[in-house]
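> Contents of run29.tsv (TSV, C-alpha atoms and all ligand atoms) are given next:
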chain	number	residue	atom	x	y	z
I	1	MET	CA	30.51	47.47	39.05
I	2	LEU	CA	30.97	45.13	42.01
I	3	GLU	CA	27.93	46.64	43.69
I	4	LYS	CA	25.87	46.22	40.59
I	5	ILE	CA	26.85	42.55	40.38
I	6	ASP	CA	25.97	41.98	44.04
I	7	ARG	CA	22.58	43.58	43.52
I	8	LEU	CA	21.92	41.35	40.55
I	9	LEU	CA	23.07	38.24	42.43
I	10	LYS	CA	20.59	38.99	45.19
I	11	LEU	CA	17.84	39.68	42.69
I	12	ILE	CA	18.42	36.44	40.87
I	13	SER	CA	18.55	34.32	44.01
I	14	GLU	CA	15.16	35.72	45.07
I	15	LEU	CA	13.58	35.62	41.64
I	16	THR	CA	10.77	33.16	40.91
I	17	VAL	CA	9.38	32.17	37.53
I	18	SER	CA	5.88	30.78	37.23
I	19	ASP	CA	5.55	29.68	33.63
I	20	ILE	CA	7.34	29.09	30.34
I	21	LYS	CA	6.56	32.60	29.11
I	22	GLU	CA	8.20	34.23	32.10
I	23	LEU	CA	11.17	31.92	31.75
I	24	GLU	CA	11.62	33.05	28.17
I	25	ILE	CA	11.52	36.69	29.25
I	26	PHE	CA	14.17	35.89	31.86
I	27	ARG	CA	16.34	34.18	29.25
I	28	ILE	CA	16.13	37.13	26.86
I	29	ARG	CA	16.79	39.70	29.58
I	30	TYR	CA	19.82	37.97	31.07
I	31	MET	CA	21.19	35.37	28.70
I	32	SER	CA	20.70	36.63	25.14
I	33	LYS	CA	23.41	38.31	23.08
I	34	LYS	CA	22.21	41.76	24.05
I	35	GLY	CA	21.22	40.70	27.56
I	36	ILE	CA	22.50	41.94	30.92
I	37	ILE	CA	25.30	39.38	31.31
I	38	SER	CA	26.73	40.14	27.85
I	39	GLU	CA	26.52	43.86	28.59
I	40	LEU	CA	28.46	43.38	31.83
I	41	PHE	CA	31.15	41.40	30.05
I	42	GLU	CA	31.44	44.23	27.51
I	43	GLU	CA	31.91	46.73	30.38
I	44	PHE	CA	34.40	44.35	31.99
I	45	LYS	CA	36.61	44.47	28.89
I	46	GLN	CA	37.05	48.26	29.31
I	47	MET	CA	38.08	48.08	32.97
I	48	PRO	CA	41.56	48.80	34.26
I	49	ALA	CA	43.56	45.58	34.71
I	50	SER	CA	43.86	46.09	38.46
I	51	GLU	CA	40.11	45.71	39.00
I	52	LYS	CA	39.65	42.87	36.55
I	53	LYS	CA	40.56	40.02	38.85
I	54	GLU	CA	37.90	40.63	41.49
I	55	VAL	CA	35.17	41.75	39.08
I	56	GLY	CA	35.89	38.84	36.73
I	57	ARG	CA	35.45	36.32	39.53
I	58	LYS	CA	32.12	37.83	40.65
I	59	LEU	CA	30.90	38.17	37.09
I	60	ASN	CA	31.47	34.46	36.50
I	61	ILE	CA	29.54	33.62	39.67
I	62	LEU	CA	26.66	35.78	38.44
I	63	LYS	CA	26.70	34.15	35.00
I	64	GLN	CA	26.69	30.73	36.61
I	65	SER	CA	23.76	31.53	38.87
I	66	VAL	CA	21.74	32.84	35.91
I	67	ILE	CA	22.38	29.59	34.00
I	68	GLU	CA	21.49	27.48	37.04
I	69	LYS	CA	18.30	29.42	37.62
I	70	TYR	CA	17.31	29.02	34.02
I	71	ASN	CA	18.06	25.29	33.93
I	72	SER	CA	16.24	24.53	37.15
I	73	TYR	CA	13.05	26.09	35.79
I	74	LYS	CA	13.47	24.71	32.32
I	75	ASN	CA	13.52	21.16	33.63
I	76	THR	CA	10.54	21.53	35.88
I	77	LEU	CA	8.29	23.85	33.90
I	78	GLN	CA	8.19	22.00	30.60
I	79	PRO	CA	7.11	18.56	31.76
I	80	LEU	CA	4.66	20.24	34.09
I	81	SER	CA	2.90	22.13	31.38
I	82	ALA	CA	2.88	19.08	29.07
I	83	SER	CA	1.33	16.85	31.73
I	84	ALA	CA	-1.19	19.56	32.56
I	85	GLN	CA	-2.39	19.38	28.97
I	86	VAL	CA	-2.72	15.61	29.06
I	87	ASN	CA	-4.53	15.64	32.35
I	88	ASP	CA	-7.12	18.18	31.30
I	89	LEU	CA	-9.89	15.73	30.54
I	90	SER	CA	-12.32	18.50	29.67
I	91	ARG	CA	-10.33	19.44	26.57
I	92	PRO	CA	-11.98	18.47	23.29
I	93	SER	CA	-10.12	15.65	21.52
I	94	PHE	CA	-8.28	16.16	18.25
I	95	PRO	CA	-10.51	15.01	15.43
I	96	SER	CA	-8.88	12.15	13.51
I	97	GLY	CA	-10.40	11.54	10.11
I	98	PRO	CA	-11.53	8.12	8.93
I	99	GLY	CA	-8.99	6.07	6.99
I	100	ALA	CA	-9.44	5.00	3.40
I	101	ARG	CA	-9.29	1.67	1.64
I	102	HIS	CA	-6.72	1.21	-1.07
I	103	PRO	CA	-8.31	1.40	-4.55
I	104	ILE	CA	-7.12	-2.17	-5.28
I	105	SER	CA	-8.97	-3.38	-2.17
I	106	ILE	CA	-12.10	-1.48	-3.11
I	107	VAL	CA	-12.26	-3.04	-6.56
I	108	ARG	CA	-11.25	-6.49	-5.30
I	109	ARG	CA	-14.10	-6.41	-2.78
I	110	GLU	CA	-16.49	-5.28	-5.48
I	111	ILE	CA	-15.53	-8.16	-7.81
I	112	ILE	CA	-15.72	-10.70	-4.96
I	113	GLY	CA	-19.13	-9.32	-3.94
I	114	ILE	CA	-20.56	-9.86	-7.42
I	115	PHE	CA	-19.45	-13.49	-7.62
I	116	GLU	CA	-20.48	-14.25	-4.04
I	117	ARG	CA	-24.01	-13.22	-4.93
I	118	ILE	CA	-24.17	-16.03	-7.49
I	119	GLY	CA	-22.76	-18.69	-5.22
I	120	PHE	CA	-18.99	-18.54	-5.62
I	121	SER	CA	-16.81	-19.09	-2.58
I	122	VAL	CA	-13.45	-17.40	-2.04
I	123	SER	CA	-10.26	-19.46	-1.87
I	124	GLU	CA	-6.75	-18.34	-1.17
I	125	GLY	CA	-3.34	-19.91	-1.57
I	126	PRO	CA	0.34	-19.15	-1.08
I	127	GLU	CA	2.27	-16.62	-3.15
I	128	ILE	CA	5.31	-18.90	-3.13
I	129	GLU	CA	4.36	-21.91	-5.24
I	130	SER	CA	5.74	-24.99	-6.89
I	131	ASP	CA	6.18	-25.17	-10.65
I	132	GLU	CA	3.83	-28.13	-10.42
I	133	ASN	CA	0.85	-26.08	-9.18
I	134	ASN	CA	1.65	-22.97	-11.18
I	135	PHE	CA	2.45	-24.68	-14.50
I	136	THR	CA	2.67	-28.47	-14.79
I	137	ARG	CA	-0.83	-29.40	-13.65
I	138	LEU	CA	-2.19	-26.55	-15.75
I	139	ASN	CA	-0.98	-28.29	-18.89
I	140	PHE	CA	1.96	-26.01	-19.62
I	141	ALA	CA	4.40	-27.92	-21.81
I	142	PRO	CA	7.91	-28.09	-20.27
I	143	GLU	CA	9.26	-25.75	-22.94
I	144	HIS	CA	6.37	-23.24	-22.74
I	145	PRO	CA	7.78	-19.68	-22.94
I	146	ALA	CA	5.82	-18.48	-19.87
I	147	ARG	CA	8.03	-20.68	-17.70
I	148	ASP	CA	11.05	-18.85	-19.00
I	149	MET	CA	13.09	-16.72	-16.60
I	150	GLN	CA	11.78	-13.73	-18.58
I	151	ASP	CA	8.39	-14.01	-16.97
I	152	THR	CA	8.82	-16.01	-13.81
I	153	PHE	CA	10.65	-15.17	-10.62
I	154	TYR	CA	12.23	-18.40	-9.49
I	155	ILE	CA	13.16	-18.93	-5.87
I	156	SER	CA	14.95	-22.21	-6.46
I	157	ARG	CA	15.48	-24.22	-9.62
I	158	ILE	CA	16.62	-27.80	-9.90
I	159	SER	CA	18.26	-27.17	-13.26
I	160	ALA	CA	19.09	-23.90	-15.00
I	161	GLU	CA	18.05	-25.22	-18.44
I	162	ASP	CA	15.00	-27.40	-17.87
I	163	SER	CA	11.94	-26.69	-15.83
I	164	ASN	CA	11.07	-29.13	-13.12
I	165	PRO	CA	7.76	-29.58	-11.23
I	166	ALA	CA	9.75	-29.27	-8.00
I	167	ASP	CA	11.05	-25.78	-8.85
I	168	ILE	CA	9.89	-23.11	-6.41
I	169	LEU	CA	8.69	-19.77	-7.74
I	170	LEU	CA	6.49	-16.75	-7.14
I	171	ARG	CA	3.09	-17.58	-8.62
I	172	THR	CA	2.49	-15.89	-11.96
I	173	HIS	CA	-1.31	-16.23	-11.70
I	174	THR	CA	-3.84	-17.38	-9.12
I	175	SER	CA	-4.80	-20.38	-11.25
I	176	SER	CA	-2.39	-22.16	-8.90
I	177	VAL	CA	-4.97	-21.74	-6.13
I	178	GLN	CA	-7.56	-23.47	-8.29
I	179	VAL	CA	-5.22	-26.42	-8.79
I	180	ARG	CA	-5.06	-26.72	-5.02
I	181	VAL	CA	-8.85	-26.50	-4.66
I	182	MET	CA	-9.45	-29.16	-7.35
I	183	GLN	CA	-7.14	-31.57	-5.59
I	184	LYS	CA	-8.85	-31.08	-2.23
I	185	GLN	CA	-12.50	-30.73	-3.17
I	186	LYS	CA	-14.91	-32.87	-5.16
I	187	PRO	CA	-17.14	-31.18	-7.78
I	188	PRO	CA	-19.33	-29.20	-7.81
I	189	ILE	CA	-16.68	-26.53	-7.34
I	190	ARG	CA	-17.57	-22.89	-7.67
I	191	THR	CA	-14.84	-20.63	-6.39
I	192	ILE	CA	-12.90	-17.45	-7.05
I	193	SER	CA	-9.32	-16.83	-6.02
I	194	PRO	CA	-8.18	-13.26	-5.52
I	195	GLY	CA	-4.52	-12.57	-4.85
I	196	ARG	CA	-1.19	-11.04	-5.64
I	197	VAL	CA	0.83	-12.37	-8.56
I	198	PHE	CA	4.35	-11.75	-9.85
I	199	ARG	CA	5.89	-11.51	-13.30
I	200	ASN	CA	9.33	-10.42	-14.27
I	201	GLU	CA	8.40	-7.29	-16.22
I	202	ALA	CA	9.97	-3.86	-16.40
I	203	ILE	CA	8.03	-1.39	-14.23
I	204	SER	CA	6.30	1.38	-16.18
I	205	ALA	CA	3.06	3.36	-16.13
I	206	ARG	CA	1.28	0.40	-17.76
I	207	ALA	CA	3.09	-2.65	-16.36
I	208	HIS	CA	4.39	-3.80	-13.00
I	209	CYS	CA	6.13	-6.90	-11.70
I	210	ILE	CA	3.51	-7.22	-8.94
I	211	PHE	CA	-0.19	-7.08	-9.66
I	212	HIS	CA	-3.51	-8.53	-8.50
I	213	GLN	CA	-5.90	-11.00	-10.05
I	214	VAL	CA	-9.24	-12.58	-9.42
I	215	GLU	CA	-9.65	-15.93	-11.12
I	216	GLY	CA	-12.82	-18.03	-11.19
I	217	LEU	CA	-13.48	-21.75	-11.56
I	218	TYR	CA	-16.72	-23.67	-11.96
I	219	ILE	CA	-16.74	-27.45	-12.28
I	220	ASP	CA	-19.78	-29.69	-12.34
I	221	GLU	CA	-21.62	-32.07	-14.65
I	222	ASN	CA	-22.75	-30.47	-17.92
I	223	VAL	CA	-21.11	-27.07	-17.46
I	224	SER	CA	-21.04	-25.45	-20.90
I	225	PHE	CA	-19.59	-22.46	-22.69
I	226	ALA	CA	-23.06	-20.87	-22.55
I	227	ASP	CA	-22.85	-20.95	-18.72
I	228	LEU	CA	-19.51	-19.18	-18.91
I	229	LYS	CA	-20.82	-16.53	-21.27
I	230	GLN	CA	-23.90	-15.80	-19.18
I	231	THR	CA	-21.86	-15.59	-15.98
I	232	LEU	CA	-19.44	-13.16	-17.58
I	233	LEU	CA	-22.28	-11.03	-18.97
I	234	PHE	CA	-23.81	-10.86	-15.50
I	235	PHE	CA	-20.47	-9.88	-14.03
I	236	ALA	CA	-19.79	-7.21	-16.68
I	237	ARG	CA	-23.18	-5.55	-16.16
I	238	GLU	CA	-22.93	-5.61	-12.37
I	239	MET	CA	-19.42	-4.23	-12.48
I	240	TYR	CA	-19.53	-1.75	-15.34
I	241	GLY	CA	-23.21	-0.86	-15.63
I	242	GLU	CA	-26.42	-2.27	-17.09
I	243	LYS	CA	-25.76	-1.09	-20.62
I	244	THR	CA	-22.40	-2.84	-20.89
I	245	GLU	CA	-21.99	-5.18	-23.85
I	246	ILE	CA	-19.47	-8.03	-23.97
I	247	ARG	CA	-17.54	-9.55	-26.84
I	248	LEU	CA	-15.62	-12.82	-26.81
I	249	ARG	CA	-12.60	-13.32	-29.06
I	250	PRO	CA	-10.82	-16.65	-29.55
I	251	SER	CA	-7.53	-16.92	-27.69
I	252	TYR	CA	-5.10	-19.47	-26.33
I	253	PHE	CA	-4.25	-20.64	-22.82
I	254	PRO	CA	-2.67	-24.05	-22.14
I	255	PHE	CA	-5.24	-24.81	-19.42
I	256	THR	CA	-8.45	-24.01	-21.31
I	257	GLU	CA	-9.92	-25.31	-24.57
I	258	PRO	CA	-11.57	-23.48	-26.22
I	259	SER	CA	-10.11	-20.26	-24.81
I	260	GLY	CA	-11.35	-16.73	-25.17
I	261	GLU	CA	-10.69	-13.16	-24.24
I	262	MET	CA	-13.53	-10.94	-23.17
I	263	ASP	CA	-13.89	-7.29	-24.10
I	264	ILE	CA	-16.46	-4.92	-22.70
I	265	SER	CA	-17.92	-1.91	-24.47
I	266	CYS	CA	-15.78	1.08	-23.46
I	267	THR	CA	-16.92	2.49	-20.13
I	268	ILE	CA	-15.69	5.95	-21.02
I	269	CYS	CA	-17.28	6.55	-24.46
I	270	GLY	CA	-19.93	3.81	-24.35
I	271	GLY	CA	-18.51	2.20	-27.51
I	272	LYS	CA	-18.27	5.24	-29.75
I	273	GLY	CA	-14.46	5.34	-29.65
I	274	CYS	CA	-12.12	7.42	-27.50
I	275	ASN	CA	-8.51	7.61	-26.31
I	276	VAL	CA	-8.99	5.05	-23.56
I	277	CYS	CA	-10.27	2.32	-25.92
I	278	LYS	CA	-7.90	3.51	-28.66
I	279	HIS	CA	-10.94	4.28	-30.83
I	280	THR	CA	-12.06	0.66	-31.01
I	281	GLY	CA	-15.03	1.03	-28.67
I	282	TRP	CA	-13.88	-2.07	-26.71
I	283	LEU	CA	-11.71	-2.74	-23.65
I	284	GLU	CA	-10.04	-6.06	-22.93
I	285	VAL	CA	-10.85	-7.22	-19.39
I	286	LEU	CA	-10.32	-10.94	-18.93
I	287	GLY	CA	-9.21	-14.33	-20.22
I	288	CYS	CA	-11.48	-17.36	-20.04
I	289	GLY	CA	-12.31	-20.77	-21.42
I	290	MET	CA	-13.44	-24.33	-20.76
I	291	VAL	CA	-11.08	-26.14	-18.40
I	292	HIS	CA	-8.82	-28.45	-20.45
I	293	PRO	CA	-9.55	-32.15	-19.73
I	294	ALA	CA	-5.82	-32.65	-19.13
I	295	VAL	CA	-6.03	-30.16	-16.22
I	296	LEU	CA	-8.98	-31.99	-14.67
I	297	GLU	CA	-7.13	-35.30	-14.94
I	298	ALA	CA	-3.94	-33.81	-13.49
I	299	CYS	CA	-6.02	-32.73	-10.49
I	300	ASP	CA	-7.74	-36.12	-10.06
I	301	ILE	CA	-11.11	-35.08	-11.48
I	302	ASP	CA	-12.83	-37.46	-13.91
I	303	SER	CA	-12.95	-35.56	-17.20
I	304	SER	CA	-15.47	-37.98	-18.72
I	305	LYS	CA	-17.97	-36.98	-16.05
I	306	PHE	CA	-17.19	-33.35	-15.29
I	307	THR	CA	-16.62	-30.21	-17.30
I	308	GLY	CA	-15.86	-26.71	-16.14
I	309	TYR	CA	-15.06	-23.15	-17.06
I	310	ALA	CA	-12.44	-20.77	-15.77
I	311	PHE	CA	-11.71	-17.11	-16.13
I	312	GLY	CA	-9.14	-14.67	-14.81
I	313	MET	CA	-8.77	-10.91	-14.68
I	314	GLY	CA	-6.44	-8.30	-13.30
I	315	ILE	CA	-7.63	-5.79	-10.71
I	316	GLU	CA	-5.31	-2.89	-11.55
I	317	ARG	CA	-6.82	-2.11	-14.96
I	318	PRO	CA	-10.48	-2.00	-13.88
I	319	ALA	CA	-9.45	0.19	-10.94
I	320	MET	CA	-7.62	2.50	-13.35
I	321	LEU	CA	-10.77	2.79	-15.46
I	322	LYS	CA	-12.99	3.35	-12.48
I	323	TYR	CA	-10.88	6.06	-10.87
I	324	GLN	CA	-9.12	7.38	-13.95
I	325	ILE	CA	-5.70	6.50	-12.59
I	326	ASN	CA	-3.18	6.81	-15.40
I	327	ASP	CA	-0.06	5.33	-13.83
I	328	LEU	CA	0.12	1.84	-12.28
I	329	ARG	CA	3.01	2.85	-10.06
I	330	MET	CA	0.68	5.05	-8.01
I	331	TYR	CA	-0.77	1.91	-6.43
I	332	TYR	CA	2.48	1.03	-4.72
I	333	GLU	CA	3.91	4.40	-3.77
I	334	ASN	CA	1.67	4.91	-0.73
I	335	ASP	CA	1.51	8.64	-1.35
I	336	ILE	CA	-0.99	9.90	1.19
I	337	ARG	CA	-2.32	12.50	-1.28
I	338	PHE	CA	-3.28	9.67	-3.62
I	339	LEU	CA	-4.70	7.36	-0.94
I	340	GLU	CA	-6.78	10.07	0.72
I	341	GLN	CA	-8.86	10.47	-2.41
I	342	PHE	CA	-10.59	7.16	-1.78
I	343	LYS	CA	-12.03	8.12	1.59
I	344	SER	CA	-15.63	8.19	0.48
I	345	ALA	CA	-15.32	4.94	-1.46
I	346	PHE	CA	-16.21	1.63	0.09
N	401	LIG	N1	-4.41	-17.40	-15.76
N	401	LIG	C1	-4.64	-16.50	-16.87
N	401	LIG	C2	-3.68	-15.32	-16.74
N	401	LIG	O1	-3.07	-15.16	-15.74
N	401	LIG	C3	-6.04	-16.00	-16.93
N	401	LIG	C4	-7.03	-17.07	-17.22
N	401	LIG	C5	-7.63	-17.76	-16.17
N	401	LIG	C6	-7.35	-17.41	-18.51
N	401	LIG	C7	-8.55	-18.75	-16.45
N	401	LIG	C8	-8.27	-18.38	-18.79
N	401	LIG	C9	-8.85	-19.05	-17.76
N	401	LIG	O2	-3.52	-14.54	-17.64
Using structure tokens, write down the structure that the file contains.
Ligand code: PHE


Amino acid sequence: MLEKIDRLLKLISELTVSDIKELEIFRIRYMSKKGIISELFEEFKQMPASEKKEVGRKLNILKQSVIEKYNSYKNTLQPLSASAQVNDLSRPSFPSGPGARHPISIVRREIIGIFERIGFSVSEGPEIESDENNFTRLNFAPEHPARDMQDTFYISRISAEDSNPADILLRTHTSSVQVRVMQKQKPPIRTISPGRVFRNEAISARAHCIFHQVEGLYIDENVSFADLKQTLLFFAREMYGEKTEIRLRPSYFPFTEPSGEMDISCTICGGKGCNVCKHTGWLEVLGCGMVHPAVLEACDIDSSKFTGYAFGMGIERPAMLKYQINDLRMYYENDIRFLEQFKSAF
């Protein structure tokens, strides 16, 4: 036994290993459960007690030298082979696929593109707004239900009961951006404001507390409802196809008078009636109207000289129609399997 150990000690001290594969063979041969060292310890157990002391000592030295050998190669071989890979400049690179735009971005860009072609500029504003810009200047009465905590996320309120123009909140629509533009710019104004908006709603497949809007504003002398209608028809046909029909229904917004809601003929069934349009043949896409004179005055624009129209639409719904997405929550989950599907889109 002692001789055998000596032979092995000599062998190990002379042994060289040239790569990871050889090192693994070495590990299995000597260090694994059924390897040489374990076998020797098994033999050692059967030995007469008188021999155990000397053999035990040598056996431990052998075990130690095997571990040291292994560790010395393990530390040097691995970084070596890794750096060899990096330094091999002739290796072909890993192909990395092109990224994809988020469907909300794709549709937002599409909407912006359509209005830019007919002379609208793009304006942006902050997501954290004052009550004044989000509500007061837009002719919302102090007790209007949309100001209620139900709908609005307040950041700071002067009073818990009454609304105050100095209250700070998360904007509930991007009409607040238009208030800012009207105060800074003289008519003619022709601008759209895309952006994120916030409303305190329960999250479900059809509603979310965060969503996106594009709102438009046109102010000049003699702007009429006919201008609004023609602009919206142009938009609908560019966006949803040449055959699209529009329909305007009377509605109410504090900041427009008269106000309307626009439907388009269903993009799925072409107006015949299907599940998506709930068999009506029409889909609701936006709110619109003539800017209320009180809004113009609140933004220092002479309402006896100028008139204007405004409209606003969400981005999530049109994107759902376009890509047949049936759950709003998909937009925010960042699931790569969802996002990857938009690679070919622009
Ligand atoms: N601001 C309205 C909304 O968020 C949309 C709208 C904009 C309606 C402009 C009419 C005119 O629902």

> In Å, rounded to a single decimal, give me how far CA of Ala207 in chain I is from CA of Glu132 in chain I.

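Answer for the CA of Glu132 in chain I to CA of Ala207 in chain I separation: 26.2 Å.
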
> Just checking: using all atoms listed in the file, which residue out of I:Pro318, I:Gly270, I:Pro92, I:Pro254 ends up closest to ligand LIG 401 (chain N)?

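Smallest separation from ligand LIG 401 (chain N) among the options: I:Pro254.
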
> Name the residues in contact with Phe153 in chain I at a cut-off of 7 Å, using only C-alpha atoms, excluding same-chain residues fewer than 6 positions from it; report them as a PyMOL selection string.

chain I and resi 169-170+199-200

> Here is a test: counting all atoms listed in the file, which residue of I:Ser163, I:Ser265, I:Gln341, I:Ser105 is nearest to Gln213 in chain I?

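Of the candidates, the smallest distance to Gln213 in chain I is held by I:Ser105.
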
> Show me, as JSON, numbers by chain, the residues that have an atom within 7 Å of range 4-15 of chain I when counting only C-alpha atoms, minus same-chain residues fewer than 2 positions from it.

{"I": [1, 2, 17, 59, 62, 66]}

> Output the neighbourhood of ligand LIG 401 (chain N) as a VMD selection string, that is, all protein and nucleic acid residues with some atom at most 9 Å from the ligand, counting all atoms listed in the file.

chain I and resid 172 to 176 197 213 to 217 252 to 256 259 to 261 286 to 291 309 to 314

> CA of Lys52 in chain I and CA of Phe26 in chain I, how far apart in Å?

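Between CA of Phe26 in chain I and CA of Lys52 in chain I the gap works out to 26.8 Å.
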
> Given only C-alpha atoms as the basis, pick out the residue of I:Ser93, I:Ser38, I:Ser159, I:Thr267 nearest to Tyr323 in chain I.

I:Thr267

> Record the distance separating CA of Pro250 in chain I and CA of Ser123 in chain I, expressed in Å with one decimal.

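Computing the Euclidean distance for CA of Pro250 in chain I and CA of Ser123 in chain I yields 27.8 Å.
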
> Could you tell me which of I:Pro194, I:Pro103, I:Pro258, I:Gly273 comes closest to Pro293 in chain I if we count only C-alpha atoms?

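Checking each candidate against Pro293 in chain I, we get I:Pro258 as the closest.
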
> From the options I:Gln183, I:Gln324, I:Asn334, I:Ser18, which residue's atoms come nearest to Arg137 in chain I, counting all atoms listed in the file?

I:Gln183

> May I ask which of the residues I:Lys45, I:Asn326, I:Ile25, I:Thr136 is the closest one to Ser204 in chain I, counting all atoms listed in the file?

I:Asn326

> I'd like the contact shell of Val177 in chain I - 7 Å cut-off, all atoms listed in the file, skipping same-chain residues fewer than 2 positions apart - returned as JSON, numbers by chain.

{"I": [124, 125, 174, 175, 179, 180, 181, 193]}

> Save range 211-260 of chain I from what I just supplied, as a PDB file, in the first residue's frame, atoms limited to C-alpha atoms.


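Output (out-v8.pdb):
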ATOM      1  CA  PHE I 211     -52.995  55.117 -21.099  1.00  0.00           C
ATOM      2  CA  HIS I 212     -51.945  57.247 -24.065  1.00  0.00           C
ATOM      3  CA  GLN I 213     -53.685  59.980 -25.989  1.00  0.00           C
ATOM      4  CA  VAL I 214     -53.173  62.199 -28.965  1.00  0.00           C
ATOM      5  CA  GLU I 215     -55.154  65.414 -28.789  1.00  0.00           C
ATOM      6  CA  GLY I 216     -55.381  68.052 -31.516  1.00  0.00           C
ATOM      7  CA  LEU I 217     -56.060  71.788 -31.489  1.00  0.00           C
ATOM      8  CA  TYR I 218     -56.604  74.235 -34.326  1.00  0.00           C
ATOM      9  CA  ILE I 219     -57.241  77.916 -33.650  1.00  0.00           C
ATOM     10  CA  ASP I 220     -57.480  80.665 -36.223  1.00  0.00           C
ATOM     11  CA  GLU I 221     -59.971  83.152 -37.636  1.00  0.00           C
ATOM     12  CA  ASN I 222     -63.094  81.522 -39.111  1.00  0.00           C
ATOM     13  CA  VAL I 223     -62.356  77.931 -38.119  1.00  0.00           C
ATOM     14  CA  SER I 224     -65.644  76.043 -38.423  1.00  0.00           C
ATOM     15  CA  PHE I 225     -67.176  72.703 -37.587  1.00  0.00           C
ATOM     16  CA  ALA I 226     -66.889  71.808 -41.288  1.00  0.00           C
ATOM     17  CA  ASP I 227     -63.076  72.155 -40.991  1.00  0.00           C
ATOM     18  CA  LEU I 228     -63.141  69.785 -38.039  1.00  0.00           C
ATOM     19  CA  LYS I 229     -65.260  67.241 -39.865  1.00  0.00           C
ATOM     20  CA  GLN I 230     -63.096  67.275 -42.979  1.00  0.00           C
ATOM     21  CA  THR I 231     -59.901  66.951 -40.948  1.00  0.00           C
ATOM     22  CA  LEU I 232     -61.304  63.988 -39.053  1.00  0.00           C
ATOM     23  CA  LEU I 233     -62.495  62.317 -42.261  1.00  0.00           C
ATOM     24  CA  PHE I 234     -59.019  62.725 -43.724  1.00  0.00           C
ATOM     25  CA  PHE I 235     -57.489  61.263 -40.592  1.00  0.00           C
ATOM     26  CA  ALA I 236     -59.897  58.300 -40.481  1.00  0.00           C
ATOM     27  CA  ARG I 237     -59.228  57.352 -44.104  1.00  0.00           C
ATOM     28  CA  GLU I 238     -55.455  57.672 -43.763  1.00  0.00           C
ATOM     29  CA  MET I 239     -55.463  55.661 -40.576  1.00  0.00           C
ATOM     30  CA  TYR I 240     -58.104  53.020 -41.201  1.00  0.00           C
ATOM     31  CA  GLY I 241     -58.306  52.806 -44.983  1.00  0.00           C
ATOM     32  CA  GLU I 242     -59.856  54.669 -47.914  1.00  0.00           C
ATOM     33  CA  LYS I 243     -63.285  53.100 -47.553  1.00  0.00           C
ATOM     34  CA  THR I 244     -63.713  54.162 -43.929  1.00  0.00           C
ATOM     35  CA  GLU I 245     -66.863  56.139 -43.158  1.00  0.00           C
ATOM     36  CA  ILE I 246     -67.234  58.447 -40.165  1.00  0.00           C
ATOM     37  CA  ARG I 247     -70.238  59.345 -38.044  1.00  0.00           C
ATOM     38  CA  LEU I 248     -70.495  62.192 -35.546  1.00  0.00           C
ATOM     39  CA  ARG I 249     -72.790  61.936 -32.538  1.00  0.00           C
ATOM     40  CA  PRO I 250     -73.574  64.823 -30.181  1.00  0.00           C
ATOM     41  CA  SER I 251     -71.753  64.625 -26.869  1.00  0.00           C
ATOM     42  CA  TYR I 252     -70.628  66.782 -23.980  1.00  0.00           C
ATOM     43  CA  PHE I 253     -67.229  68.059 -22.852  1.00  0.00           C
ATOM     44  CA  PRO I 254     -66.855  71.163 -20.655  1.00  0.00           C
ATOM     45  CA  PHE I 255     -64.196  72.606 -22.983  1.00  0.00           C
ATOM     46  CA  THR I 256     -65.989  72.269 -26.329  1.00  0.00           C
ATOM     47  CA  GLU I 257     -69.347  73.539 -27.599  1.00  0.00           C
ATOM     48  CA  PRO I 258     -70.821  71.925 -29.591  1.00  0.00           C
ATOM     49  CA  SER I 259     -69.156  68.611 -28.725  1.00  0.00           C
ATOM     50  CA  GLY I 260     -69.213  65.363 -30.597  1.00  0.00           C
TER      51      GLY I 260
END
